[in-house]
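J.: Take a look at this one; I'll ask things after.
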Amino acid sequence: MDWADLSGQNLLWFPDSRAQGYAATILAHLGQQGWTPQAVRTRHTSHAQFVHNLRRSPVVALRSKNAVAGMPELAWLSFATNPPREQLALATTAVGTWAALLEAAAELAS
């Protein structure tokens, strides 16, 4: 799907307060591709509520291919160019075994 195909589409989204940095990064990426959707925010996190929101409103949503695999009620289309990317990092408590391991790994990497 080309970015221009999304012109006029609203985006089913979550409250920015749940992940401010992630939300800002993804929405900025969409804007850089020429799509500045109206974000339709929902507080619900269950899959059933997500599908209900898609059915009752003229919206689209961003999901990974794996997230919708085996769900015939959802259709998944890939972006032709520059899809949003998610960068994950390992997180742990500031104190404890894992914190020490991460700190040691960071020192080795630098």
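Quick note on naming: the chains in the structure tokens go A, B, ... in the order shown, residues restart at 1 in each chain, and ligands are numbered from 1 in order of appearance.
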Give me, as a PyMOL selection string, all polymer residues having an atom no more than 7 Å from segment 46-61 of chain A, counting only C-alpha atoms and skipping those fewer than 5 positions away in the same chain.

T.: chain A and resi 9-12

J.: Using backbone DSSP assignments, extract all strand (DSSP E) residues from chain A; output them as a PyMOL selection string.

T.: chain A and resi 10-13+39-41+59-60

J.: Work out how far apart atom CA of His29 of chain A and atom CA of Gln87 of chain A are and give it in Å to one decimal.

T.: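 Atom-to-atom, atom CA of His29 of chain A and atom CA of Gln87 of chain A are spaced 13.3 Å apart.
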
J.: Which residue, A:Arg41, A:Trp3, A:Thr36, A:Ala94, has the smallest gap to Arg18 of chain A when you use only C-alpha atoms?

T.: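 Looking at the shortest contact to Arg18 of chain A, the residue is A:Arg41.
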
J.: Find the residue from A:Ala106, A:Val68, A:Leu62, A:Leu88 that sits nearest to Leu27 of chain A; use only C-alpha atoms when measuring.

T.: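 Of A:Ala106, A:Val68, A:Leu62, A:Leu88, the one nearest Leu27 of chain A is A:Leu62, counting only C-alpha atoms.
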
J.: Which residue is closest to Lys65 of chain A? Choose from A:Thr93, A:Thr45, A:Ser78, A:Gln33 and count only C-alpha atoms.

T.: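 Ranking A:Thr93, A:Thr45, A:Ser78, A:Gln33 by distance to Lys65 of chain A, first place goes to A:Ser78.
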
J.: For a test of reading the model, state the distance in Å between atom CA of Glu86 of chain A and atom CA of Thr25 of chain A, rounded to one decimal.

T.: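 Straight-line distance from atom CA of Glu86 of chain A to atom CA of Thr25 of chain A works out to 9.5 Å.
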
J.: Suppose you want the space between atom CA of Gly34 of chain A and atom CA of Gly21 of chain A; what is it in Å?

T.: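 These atoms are spaced 20.2 Å apart.
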
J.: Please determine, counting only C-alpha atoms, which residue among A:Ala104, A:Ser64, A:Ser110, A:Asp2 has the shortest atom-to-atom distance to Trp76 of chain A.

T.: A:Ser64

J.: Between A:Met71, A:Thr92, A:Asp5, A:Asn82, single out the one closest to Gln32 of chain A, counting only C-alpha atoms.

T.: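 Ranked by minimum distance to Gln32 of chain A, first place goes to A:Asn82.
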
J.: Let's see if you can do this: from backbone DSSP, list all helix (DSSP H, G or I) residues in chain A, as a PyMOL selection string.

T.: chain A and resi 3-6+16-18+20-32+47-56+65-68+97-109

J.: Any idea what's packed within 12 Å of Ala91 of chain A, counting only C-alpha atoms, ignoring anything in its chain fewer than 2 positions away? Could you give it as a list in words?

T.: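 So, after excluding close chain neighbours, the residues are Leu88, Ala89, Thr93, Ala94, Val95, Trp98, Ala99, Ala100, Leu101, Leu102 and Glu103 of chain A.
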